[in-house]
$ cat my_file03.cif   # mmCIF, C-alpha atoms
data_work
loop_
_atom_site.label_atom_id
_atom_site.label_comp_id
_atom_site.auth_asym_id
_atom_site.auth_seq_id
_atom_site.Cartn_x
_atom_site.Cartn_y
_atom_site.Cartn_z
CA MET A 510 31.27 -4.04 0.52
CA SER A 511 29.94 -3.91 -3.03
CA HIS A 512 30.52 -7.65 -3.49
CA LEU A 513 27.91 -8.32 -0.78
CA TRP A 514 25.23 -6.81 -2.99
CA ARG A 515 26.31 -8.33 -6.28
CA ASN A 516 23.86 -11.23 -6.20
CA ARG A 517 20.84 -11.31 -3.95
CA LEU A 518 17.82 -13.56 -3.88
CA VAL A 519 14.49 -12.52 -2.38
CA LEU A 520 11.92 -15.22 -1.69
CA ALA A 521 8.31 -14.14 -1.14
CA ILE A 522 6.62 -17.11 0.51
CA TYR A 523 2.83 -17.57 0.42
CA PRO A 524 0.73 -20.62 1.33
CA ASP A 525 0.03 -21.33 -2.35
CA HIS A 526 3.17 -20.12 -4.15
CA VAL A 527 6.70 -18.79 -3.93
CA ALA A 528 7.70 -15.71 -5.94
CA TRP A 529 11.41 -15.05 -6.20
CA LEU A 530 13.65 -12.33 -7.57
CA GLN A 531 17.37 -12.37 -8.20
CA ALA A 532 18.87 -8.89 -8.15
CA ALA A 533 22.20 -7.21 -8.70
CA GLY A 534 23.37 -3.79 -7.57
CA GLY A 535 23.12 -1.99 -4.27
CA LEU A 536 21.11 1.19 -3.77
CA HIS A 537 19.54 0.92 -7.24
CA SER A 538 18.81 -2.77 -7.68
CA ARG A 539 18.36 -4.39 -11.05
CA VAL A 540 16.29 -7.56 -11.30
CA THR A 541 18.17 -10.14 -13.32
CA ALA A 542 15.88 -13.17 -12.94
CA LYS A 543 12.38 -13.90 -11.62
CA ASP A 544 9.85 -16.68 -11.41
CA THR A 545 6.89 -18.01 -9.47
CA VAL A 546 6.18 -21.60 -8.46
CA SER A 547 2.70 -22.64 -7.34
CA CYS A 548 1.81 -25.38 -4.90
CA ALA A 549 -1.27 -27.03 -3.45
CA VAL A 550 -2.54 -25.80 -0.10
CA ASP A 551 -3.68 -29.19 1.15
CA LYS A 552 -0.88 -29.73 3.65
CA ALA A 553 -0.79 -28.85 7.32
CA PRO A 554 0.69 -26.54 8.39
CA SER A 555 -0.21 -24.07 5.63
CA TRP A 556 3.41 -23.20 4.80
CA GLN A 557 4.60 -26.76 4.26
CA GLY A 558 3.80 -26.97 0.55
CA ALA A 559 5.64 -23.74 -0.27
CA LEU A 560 8.75 -24.64 1.70
CA SER A 561 8.88 -28.12 0.20
CA MET A 562 9.60 -26.44 -3.16
CA LEU A 563 12.55 -24.38 -1.92
CA PRO A 564 15.33 -26.99 -2.37
CA GLU A 565 14.56 -27.26 -6.08
CA ILE A 566 14.26 -23.47 -6.47
CA LEU A 567 17.60 -22.92 -4.77
CA ARG A 568 19.27 -25.74 -6.72
CA THR A 569 18.08 -24.26 -10.02
CA MET A 570 19.30 -20.81 -8.98
CA ARG A 571 22.78 -22.10 -8.05
CA THR A 572 22.64 -20.04 -4.89
CA GLY A 573 26.04 -20.96 -3.44
CA GLY A 574 27.37 -17.94 -1.54
CA MET A 575 24.27 -15.86 -2.32
CA ARG A 576 22.57 -13.63 0.27
CA VAL A 577 18.92 -14.56 0.70
CA THR A 578 16.04 -12.52 2.12
CA ALA A 579 12.65 -14.11 2.80
CA VAL A 580 9.39 -12.16 2.94
CA LEU A 581 6.51 -14.04 4.58
CA SER A 582 2.93 -13.50 3.45
CA ASN A 583 0.65 -12.13 6.15
CA ARG A 584 -1.41 -15.28 5.67
CA LEU A 585 1.41 -17.10 7.50
CA LEU A 586 1.71 -14.56 10.33
CA ARG A 587 -0.06 -13.23 13.39
CA TYR A 588 0.42 -9.74 14.78
CA ALA A 589 -0.10 -8.10 18.15
CA ILE A 590 0.51 -4.74 19.82
CA VAL A 591 2.83 -4.81 22.84
CA PRO A 592 1.60 -1.91 25.00
CA ASN A 593 4.66 -1.03 27.09
CA PRO A 594 7.90 -2.59 25.86
CA ASP A 595 9.99 -0.05 27.80
CA SER A 596 8.93 -1.66 31.09
CA ALA A 597 11.17 -4.62 30.23
CA ARG A 598 14.61 -4.49 31.84
CA SER A 599 16.20 -7.21 29.70
CA ARG A 600 15.79 -9.00 26.36
CA GLU A 601 14.21 -11.90 28.23
CA GLU A 602 11.58 -9.67 29.85
CA LEU A 603 10.90 -8.06 26.47
CA GLY A 604 10.26 -11.51 25.04
CA VAL A 605 7.86 -12.30 27.87
CA LEU A 606 5.89 -9.10 27.23
CA ALA A 607 5.59 -9.93 23.53
CA ARG A 608 4.56 -13.52 24.27
CA HIS A 609 1.89 -12.37 26.71
CA ALA A 610 0.42 -10.10 24.02
CA PHE A 611 -0.21 -13.17 21.84
CA GLU A 612 -1.27 -15.48 24.67
CA ARG A 613 -4.18 -13.19 25.50
CA ALA A 614 -5.64 -13.90 22.06
CA HIS A 615 -4.28 -17.35 21.13
CA GLY A 616 -3.58 -19.23 24.35
CA ASP A 617 -1.20 -22.20 24.53
CA ALA A 618 -0.57 -22.33 20.75
CA VAL A 619 1.94 -19.49 21.27
CA ALA A 620 4.44 -21.97 22.73
CA ASP A 621 5.29 -23.16 19.19
CA TRP A 622 5.68 -19.69 17.66
CA ASP A 623 8.74 -17.61 16.84
CA ILE A 624 7.98 -14.08 18.03
CA ARG A 625 9.78 -10.93 16.88
CA LEU A 626 9.35 -7.36 18.09
CA SER A 627 9.72 -4.35 15.82
CA ASP A 628 11.56 -1.23 16.91
CA ALA A 629 9.40 1.31 18.73
CA ALA A 630 9.96 4.90 19.76
CA PRO A 631 10.71 5.26 23.49
CA GLY A 632 7.51 5.14 25.48
CA ARG A 633 5.45 3.94 22.50
CA PRO A 634 3.75 0.56 21.94
CA ALA A 635 5.56 -1.91 19.69
CA LEU A 636 4.34 -4.19 16.91
CA ALA A 637 5.10 -7.90 17.34
CA SER A 638 4.86 -10.66 14.74
CA ALA A 639 4.60 -14.41 15.26
CA VAL A 640 5.13 -17.33 12.92
CA ASP A 641 5.41 -21.07 13.39
CA ARG A 642 8.87 -21.79 14.78
CA GLU A 643 9.13 -24.86 12.55
CA LEU A 644 8.76 -22.64 9.47
CA VAL A 645 11.74 -20.52 10.56
CA VAL A 646 13.89 -23.56 11.30
CA THR A 647 12.98 -25.28 8.01
CA LEU A 648 13.62 -22.11 6.00
CA ARG A 649 17.00 -21.47 7.60
CA ASP A 650 18.12 -25.10 7.24
CA THR A 651 17.03 -25.25 3.60
CA VAL A 652 18.90 -22.09 2.64
CA THR A 653 22.03 -23.17 4.53
CA ALA A 654 21.98 -26.61 2.87
CA ALA A 655 22.01 -24.84 -0.51
CA GLY A 656 25.22 -23.02 0.44
CA ALA A 657 23.51 -19.65 0.73
CA GLN A 658 23.18 -17.20 3.62
CA LEU A 659 19.78 -16.27 5.03
CA ILE A 660 20.28 -12.67 6.10
CA SER A 661 16.70 -11.66 6.91
CA ILE A 662 13.16 -12.98 7.42
CA GLN A 663 10.68 -10.14 7.03
CA PRO A 664 6.94 -10.11 7.77
CA TYR A 665 5.20 -8.65 4.72
CA LEU A 666 3.33 -6.00 6.72
CA MET A 667 6.53 -4.71 8.33
CA ALA A 668 8.45 -4.81 5.03
CA ALA A 669 5.73 -2.82 3.28
CA PHE A 670 5.35 -0.21 6.02
CA ASN A 671 9.11 0.25 6.41
CA HIS A 672 9.40 0.74 2.65
CA LEU A 673 6.30 2.87 1.97
CA GLY A 674 4.49 3.87 5.13
CA ARG A 675 4.49 7.24 6.83
CA ILE A 676 2.87 8.63 9.96
CA PRO A 677 1.71 12.26 9.77
CA GLN A 678 2.34 13.79 13.19
CA ALA A 679 -0.97 15.64 13.36
CA GLN A 680 -3.28 12.77 12.39
CA ASP A 681 -4.29 9.39 13.69
CA GLY A 682 -4.32 6.86 10.90
CA VAL A 683 -4.30 3.41 9.42
CA PHE A 684 -1.91 1.70 7.01
CA VAL A 685 -3.57 -1.05 4.97
CA LEU A 686 -1.64 -3.70 3.05
CA ALA A 687 -3.73 -5.67 0.56
CA GLU A 688 -2.47 -8.97 -0.81
CA PRO A 689 -4.39 -11.88 -2.34
CA GLU A 690 -6.90 -13.16 0.24
CA ARG A 691 -5.66 -10.92 3.04
CA LEU A 692 -6.02 -7.35 4.29
CA SER A 693 -3.63 -6.33 7.07
CA LEU A 694 -4.41 -3.10 8.93
CA LEU A 695 -2.02 -1.25 11.23
CA ALA A 696 -3.38 1.72 13.21
CA TRP A 697 -1.61 4.48 15.12
CA LYS A 698 -2.66 7.20 17.52
CA GLN A 699 -0.41 10.08 18.56
CA ALA A 700 2.40 8.43 16.53
CA GLY A 701 2.21 5.17 18.51
CA TRP A 702 0.79 1.82 17.37
CA CYS A 703 -2.67 1.20 18.82
CA GLY A 704 -4.21 -1.59 16.74
CA VAL A 705 -3.49 -4.35 14.23
CA GLN A 706 -5.99 -6.55 12.43
CA GLN A 707 -6.05 -9.14 9.65
CA VAL A 708 -9.14 -9.79 7.54
CA TYR A 709 -9.89 -12.21 4.72
CA ALA A 710 -9.97 -10.25 1.44
CA THR A 711 -12.77 -11.14 -0.97
CA ASP A 712 -12.67 -10.16 -4.63
CA ASP A 713 -14.71 -7.03 -3.86
CA TRP A 714 -12.57 -5.98 -0.88
CA PRO A 715 -12.49 -2.25 -1.83
CA ALA A 716 -16.26 -2.05 -1.33
CA SER A 717 -16.03 -3.43 2.22
CA LEU A 718 -12.86 -1.63 3.26
CA TYR A 719 -14.43 1.38 4.92
CA GLY A 720 -16.65 -0.83 7.07
CA ILE A 721 -13.53 -2.68 8.22
CA LEU A 722 -11.75 0.63 8.85
CA ASP A 723 -14.66 2.01 10.85
CA ARG A 724 -14.66 -1.00 13.16
CA LEU A 725 -10.91 -0.75 13.67
CA THR A 726 -11.04 2.96 14.46
CA ILE A 727 -13.62 2.27 17.17
CA THR A 728 -11.67 -0.59 18.79
CA ALA A 729 -8.38 1.33 18.51
CA GLY A 730 -9.89 4.54 19.89
CA LEU A 731 -8.89 6.77 16.98
CA HIS A 732 -10.12 10.36 16.74
CA ASP A 733 -12.51 11.78 14.16
CA HIS A 734 -10.03 12.79 11.42
CA HIS A 735 -7.85 10.02 10.07
CA PHE A 736 -5.09 9.48 7.57
CA PHE A 737 -5.55 6.31 5.52
CA GLN A 738 -2.70 4.90 3.45
CA LEU A 739 -3.40 1.95 1.15
CA CYS A 740 -0.66 -0.29 -0.22
CA ALA A 741 -1.91 -2.81 -2.79
CA PRO A 742 0.81 -3.30 -5.44
CA GLU A 743 -0.14 -6.95 -6.00
CA LEU A 744 -3.76 -6.09 -6.73
CA VAL A 745 -3.90 -2.57 -8.17
CA ASP A 746 -2.51 -0.92 -11.31
CA GLY A 747 -1.22 2.61 -10.99
CA GLU A 748 -1.44 5.08 -8.14
CA SER A 749 -5.09 6.20 -8.24
CA VAL A 750 -6.96 6.61 -4.96
CA ASP A 751 -10.23 6.19 -6.89
CA LEU A 752 -10.13 2.51 -5.97
CA VAL A 753 -11.42 3.42 -2.51
CA PRO A 754 -13.67 6.50 -2.46
CA ALA A 755 -12.86 9.00 0.27
CA ALA A 756 -15.19 9.07 3.26
CA ASN A 757 -15.92 11.96 5.58
CA GLY A 758 -12.99 12.72 7.84
CA TRP A 759 -10.47 10.57 5.94
CA THR A 760 -7.40 11.70 4.04
CA VAL A 761 -6.66 8.93 1.52
CA GLU A 762 -3.26 8.19 0.00
CA MET A 763 -1.99 5.35 -2.15
CA ALA A 764 1.41 3.95 -1.17
CA ALA A 765 2.89 3.06 -4.55
CA PRO A 766 6.41 1.57 -4.72
CA ALA A 767 9.03 2.61 -7.25
CA TRP A 768 9.53 -0.47 -9.38
CA PRO A 769 13.19 -1.36 -10.03
CA SER A 770 14.80 -1.97 -13.39
CA GLY A 771 13.66 -5.33 -14.73
CA LEU A 772 10.08 -5.18 -13.37
CA THR A 773 6.91 -3.42 -14.50
CA PRO A 774 3.83 -2.86 -12.27
CA ILE A 775 1.32 -4.23 -14.78
CA GLN A 776 3.09 -7.45 -15.79
CA ASP A 777 4.94 -8.23 -12.55
CA ARG A 778 2.48 -7.51 -9.75
CA VAL A 779 2.95 -11.02 -8.38
CA PHE A 780 6.52 -10.03 -7.44
CA ALA A 781 5.53 -6.93 -5.44
CA GLY A 782 6.06 -8.59 -2.06
CA ALA A 783 9.56 -9.70 -2.96
CA MET A 784 10.36 -6.33 -4.54
CA LEU A 785 9.62 -4.43 -1.32
CA ALA A 786 12.52 -6.24 0.37
CA LEU A 787 15.08 -5.34 -2.29
CA SER A 788 16.03 -1.98 -0.79
#
$ encode --input "my_file03.cif" --output "structure tokens"
Amino acid sequence: MSHLWRNRLVLAIYPDHVAWLQAAGGLHSRVTAKDTVSCAVDKAPSWQGALSMLPEILRTMRTGGMRVTAVLSNRLLRYAIVPNPDSARSREELGVLARHAFERAHGDAVADWDIRLSDAAPGRPALASAVDRELVVTLRDTVTAAGAQLISIQPYLMAAFNHLGRIPQAQDGVFVLAEPERLSLLAWKQAGWCGVQQVYATDDWPASLYGILDRLTITAGLHDHHFFQLCAPELVDGESVDLVPAANGWTVEMAAPAWPSGLTPIQDRVFAGAMLALS
């Protein structure tokens, strides 16, 4: 199967730019090409400008036969907790449960969304993501027209947690993913998801983070002692937890990825979202 991993393309899609990586190799990927392309954010819906650039990106890359993974910025996504996915007796009923979780917050707009449910431990709540269905269709059609194969569409929050996150069994906690203009927070209690929130990230977001965390711990019903894991590879150099001072009752940990050959954390932070989908 080594030929399947010989040439891969990862597209990280944001409202205002697309960052892409071409990689070779399997378990230990090596980045062979990279670039970013910016776009205006004056089109509706917010993803339209970024996806309008994909045909030219794919043509330049000569992507015929290439396997493509897309990572979607959290600015393009909504998230919800599905309390009891095990009560569903079929895939259809599971889809209804996930849809209801979004309808409670967003109403009729959910009819036009593509909703995916993450894996959950038996008896535990699940995390669901939603994105405009038209985005998914346009992305798939564009990649197929370029002669490539779209093998995965990954929400950034799920890609980051699957790559870097961990849940200590003895502690409730929160995983925070920071990207430009967006903080995404995922909370767990007794090893099951109990809350998810997205917040606009200002330039001084570290100073306001504990206030945001405190509000989430109250709404999610977390206990007094928490584990807090911060993932901010697009915004932060190094692995220091000094960025966010520890508060009483919190154990703070930075989730720092191992950068592959061909990328460096200082010069290539803009590619962090794409990089997390390489392995």
$ residues_around --input "my_file03.cif" --residues "segment 546-563 of chain A" --least-positions-apart "6" --cutoff "9 Å" --atoms "only C-alpha atoms" --output "MDAnalysis selection string"
chainID A and resid 522:529 584:585 641 644 647:648 651:652
$ resolve_selection --input "my_file03.cif" --expression "the PyMOL selection byres ((chain A and resi 684) around 8)" --output "VMD selection string"
chain A and resid 670 674 682 to 683 685 to 686 694 to 696 737 to 740
$ closest_residue --input "my_file03.cif" --among "A:Pro634, A:Ala533, A:Ala716, A:Gln706" --to "Thr728 of chain A" --atoms "only C-alpha atoms"
A:Gln706
$ resolve_selection --input "my_file03.cif" --expression "the PyMOL selection byres ((chain A and resi 768-785) around 9)" --output "PDB file with C-alpha atoms, keeping the file's coordinate frame"
ATOM      1  CA  VAL A 519      14.490 -12.520  -2.380  1.00  0.00           C
ATOM      2  CA  LEU A 520      11.920 -15.220  -1.690  1.00  0.00           C
ATOM      3  CA  ALA A 521       8.310 -14.140  -1.140  1.00  0.00           C
ATOM      4  CA  ILE A 522       6.620 -17.110   0.510  1.00  0.00           C
ATOM      5  CA  ALA A 528       7.700 -15.710  -5.940  1.00  0.00           C
ATOM      6  CA  TRP A 529      11.410 -15.050  -6.200  1.00  0.00           C
ATOM      7  CA  LEU A 530      13.650 -12.330  -7.570  1.00  0.00           C
ATOM      8  CA  HIS A 537      19.540   0.920  -7.240  1.00  0.00           C
ATOM      9  CA  SER A 538      18.810  -2.770  -7.680  1.00  0.00           C
ATOM     10  CA  ARG A 539      18.360  -4.390 -11.050  1.00  0.00           C
ATOM     11  CA  VAL A 540      16.290  -7.560 -11.300  1.00  0.00           C
ATOM     12  CA  THR A 541      18.170 -10.140 -13.320  1.00  0.00           C
ATOM     13  CA  ALA A 542      15.880 -13.170 -12.940  1.00  0.00           C
ATOM     14  CA  LYS A 543      12.380 -13.900 -11.620  1.00  0.00           C
ATOM     15  CA  ASP A 544       9.850 -16.680 -11.410  1.00  0.00           C
ATOM     16  CA  THR A 545       6.890 -18.010  -9.470  1.00  0.00           C
ATOM     17  CA  THR A 578      16.040 -12.520   2.120  1.00  0.00           C
ATOM     18  CA  ALA A 579      12.650 -14.110   2.800  1.00  0.00           C
ATOM     19  CA  VAL A 580       9.390 -12.160   2.940  1.00  0.00           C
ATOM     20  CA  LEU A 581       6.510 -14.040   4.580  1.00  0.00           C
ATOM     21  CA  SER A 582       2.930 -13.500   3.450  1.00  0.00           C
ATOM     22  CA  TYR A 665       5.200  -8.650   4.720  1.00  0.00           C
ATOM     23  CA  ALA A 668       8.450  -4.810   5.030  1.00  0.00           C
ATOM     24  CA  ALA A 669       5.730  -2.820   3.280  1.00  0.00           C
ATOM     25  CA  HIS A 672       9.400   0.740   2.650  1.00  0.00           C
ATOM     26  CA  LEU A 673       6.300   2.870   1.970  1.00  0.00           C
ATOM     27  CA  GLU A 688      -2.470  -8.970  -0.810  1.00  0.00           C
ATOM     28  CA  ALA A 741      -1.910  -2.810  -2.790  1.00  0.00           C
ATOM     29  CA  PRO A 742       0.810  -3.300  -5.440  1.00  0.00           C
ATOM     30  CA  GLU A 743      -0.140  -6.950  -6.000  1.00  0.00           C
ATOM     31  CA  LEU A 744      -3.760  -6.090  -6.730  1.00  0.00           C
ATOM     32  CA  VAL A 745      -3.900  -2.570  -8.170  1.00  0.00           C
ATOM     33  CA  ASP A 746      -2.510  -0.920 -11.310  1.00  0.00           C
ATOM     34  CA  GLY A 747      -1.220   2.610 -10.990  1.00  0.00           C
ATOM     35  CA  ALA A 765       2.890   3.060  -4.550  1.00  0.00           C
ATOM     36  CA  PRO A 766       6.410   1.570  -4.720  1.00  0.00           C
ATOM     37  CA  ALA A 767       9.030   2.610  -7.250  1.00  0.00           C
ATOM     38  CA  ALA A 786      12.520  -6.240   0.370  1.00  0.00           C
ATOM     39  CA  LEU A 787      15.080  -5.340  -2.290  1.00  0.00           C
ATOM     40  CA  SER A 788      16.030  -1.980  -0.790  1.00  0.00           C
TER      41      SER A 788
END
$ atom_distance --input "my_file03.cif" --atom1 "atom CA of Asp681 of chain A" --atom2 "atom CA of Lys698 of chain A"
4.7 Å
$ closest_residue --input "my_file03.cif" --among "A:Gln680, A:Thr569, A:Asn593, A:Gln658" --to "Asn516 of chain A" --atoms "only C-alpha atoms"
A:Gln658
$ atom_distance --input "my_file03.cif" --atom1 "atom CA of Arg587 of chain A" --atom2 "atom CA of Ile727 of chain A"
20.9 Å
$ resolve_selection --input "my_file03.cif" --expression "the PyMOL selection byres ((chain A and resi 589) around 9)" --output "VMD selection string"
chain A and resid 587 to 588 590 to 591 607 610 to 611 614 635 to 639 704 to 706
$ closest_residue --input "my_file03.cif" --among "A:Thr572, A:Thr726, A:Thr760, A:Ser599" --to "Ala657 of chain A" --atoms "only C-alpha atoms"
A:Thr572
$ axis_aligned_box --input "my_file03.cif" --around "segment 642-658 of chain A" --padding-each-side "5 Å" --output "lines of an AutoDock Vina configuration file"
center_x = 17.0
center_y = -21.9
center_z = 7.1
size_x = 26.5
size_y = 19.4
size_z = 25.3
$ closest_residue --input "my_file03.cif" --among "A:Arg600, A:Arg576, A:His615, A:His735" --to "Ile676 of chain A" --atoms "only C-alpha atoms"
A:His735
$ atom_distance --input "my_file03.cif" --atom1 "atom CA of Gly701 of chain A" --atom2 "atom CA of Ser661 of chain A"
25.1 Å
$ closest_residue --input "my_file03.cif" --among "A:Arg642, A:Ile662, A:Glu601, A:Asn583" --to "Val619 of chain A" --atoms "only C-alpha atoms"
A:Arg642
$ residues_around --input "my_file03.cif" --residues "Ala710 of chain A" --least-positions-apart "4" --cutoff "7 Å" --atoms "all atoms listed in the file" --output "JSON, numbers by chain"
{"A": [689, 690, 691, 692, 714]}
$ closest_residue --input "my_file03.cif" --among "A:Gly604, A:Arg649, A:Ala764, A:Cys703" --to "Leu731 of chain A" --atoms "all atoms listed in the file"
A:Cys703
$ build_atoms --input "my_file03.cif" --residues "segment 519-535 of chain A" --atoms "N, CA and C atoms" --output "PDB file, keeping the file's coordinate frame"
ATOM      1  N   VAL A 519      15.604 -12.789  -3.279  1.00  0.00           N
ATOM      2  CA  VAL A 519      14.490 -12.520  -2.380  1.00  0.00           C
ATOM      3  C   VAL A 519      13.398 -13.537  -2.657  1.00  0.00           C
ATOM      4  N   LEU A 520      12.993 -14.246  -1.609  1.00  0.00           N
ATOM      5  CA  LEU A 520      11.920 -15.220  -1.690  1.00  0.00           C
ATOM      6  C   LEU A 520      10.683 -14.649  -1.022  1.00  0.00           C
ATOM      7  N   ALA A 521       9.593 -14.522  -1.736  1.00  0.00           N
ATOM      8  CA  ALA A 521       8.310 -14.140  -1.140  1.00  0.00           C
ATOM      9  C   ALA A 521       7.494 -15.413  -1.010  1.00  0.00           C
ATOM     10  N   ILE A 522       7.211 -15.804   0.238  1.00  0.00           N
ATOM     11  CA  ILE A 522       6.620 -17.110   0.510  1.00  0.00           C
ATOM     12  C   ILE A 522       5.157 -16.942   0.926  1.00  0.00           C
ATOM     13  N   TYR A 523       4.267 -17.575   0.176  1.00  0.00           N
ATOM     14  CA  TYR A 523       2.830 -17.570   0.420  1.00  0.00           C
ATOM     15  C   TYR A 523       2.380 -19.018   0.634  1.00  0.00           C
ATOM     16  N   PRO A 524       1.183 -19.233   1.178  1.00  0.00           N
ATOM     17  CA  PRO A 524       0.730 -20.620   1.330  1.00  0.00           C
ATOM     18  C   PRO A 524       0.611 -21.372   0.008  1.00  0.00           C
ATOM     19  N   ASP A 525       0.291 -20.653  -1.092  1.00  0.00           N
ATOM     20  CA  ASP A 525       0.030 -21.330  -2.350  1.00  0.00           C
ATOM     21  C   ASP A 525       1.083 -21.095  -3.433  1.00  0.00           C
ATOM     22  N   HIS A 526       2.119 -20.319  -3.150  1.00  0.00           N
ATOM     23  CA  HIS A 526       3.170 -20.120  -4.150  1.00  0.00           C
ATOM     24  C   HIS A 526       4.397 -19.452  -3.525  1.00  0.00           C
ATOM     25  N   VAL A 527       5.486 -19.518  -4.258  1.00  0.00           N
ATOM     26  CA  VAL A 527       6.700 -18.790  -3.930  1.00  0.00           C
ATOM     27  C   VAL A 527       7.049 -17.919  -5.125  1.00  0.00           C
ATOM     28  N   ALA A 528       7.235 -16.624  -4.898  1.00  0.00           N
ATOM     29  CA  ALA A 528       7.700 -15.710  -5.940  1.00  0.00           C
ATOM     30  C   ALA A 528       9.116 -15.294  -5.582  1.00  0.00           C
ATOM     31  N   TRP A 529      10.034 -15.410  -6.527  1.00  0.00           N
ATOM     32  CA  TRP A 529      11.410 -15.050  -6.200  1.00  0.00           C
ATOM     33  C   TRP A 529      12.008 -14.103  -7.237  1.00  0.00           C
ATOM     34  N   LEU A 530      12.913 -13.271  -6.735  1.00  0.00           N
ATOM     35  CA  LEU A 530      13.650 -12.330  -7.570  1.00  0.00           C
ATOM     36  C   LEU A 530      15.132 -12.488  -7.296  1.00  0.00           C
ATOM     37  N   GLN A 531      15.919 -12.488  -8.342  1.00  0.00           N
ATOM     38  CA  GLN A 531      17.370 -12.370  -8.200  1.00  0.00           C
ATOM     39  C   GLN A 531      17.735 -10.957  -8.646  1.00  0.00           C
ATOM     40  N   ALA A 532      18.560 -10.292  -7.862  1.00  0.00           N
ATOM     41  CA  ALA A 532      18.870  -8.890  -8.150  1.00  0.00           C
ATOM     42  C   ALA A 532      20.356  -8.649  -8.024  1.00  0.00           C
ATOM     43  N   ALA A 533      20.827  -7.677  -8.776  1.00  0.00           N
ATOM     44  CA  ALA A 533      22.200  -7.210  -8.700  1.00  0.00           C
ATOM     45  C   ALA A 533      22.193  -5.721  -8.432  1.00  0.00           C
ATOM     46  N   GLY A 534      23.285  -5.212  -7.871  1.00  0.00           N
ATOM     47  CA  GLY A 534      23.370  -3.790  -7.570  1.00  0.00           C
ATOM     48  C   GLY A 534      23.004  -3.531  -6.125  1.00  0.00           C
ATOM     49  N   GLY A 535      23.347  -2.346  -5.659  1.00  0.00           N
ATOM     50  CA  GLY A 535      23.120  -1.990  -4.270  1.00  0.00           C
ATOM     51  C   GLY A 535      21.922  -1.086  -4.095  1.00  0.00           C
TER      52      GLY A 535
END
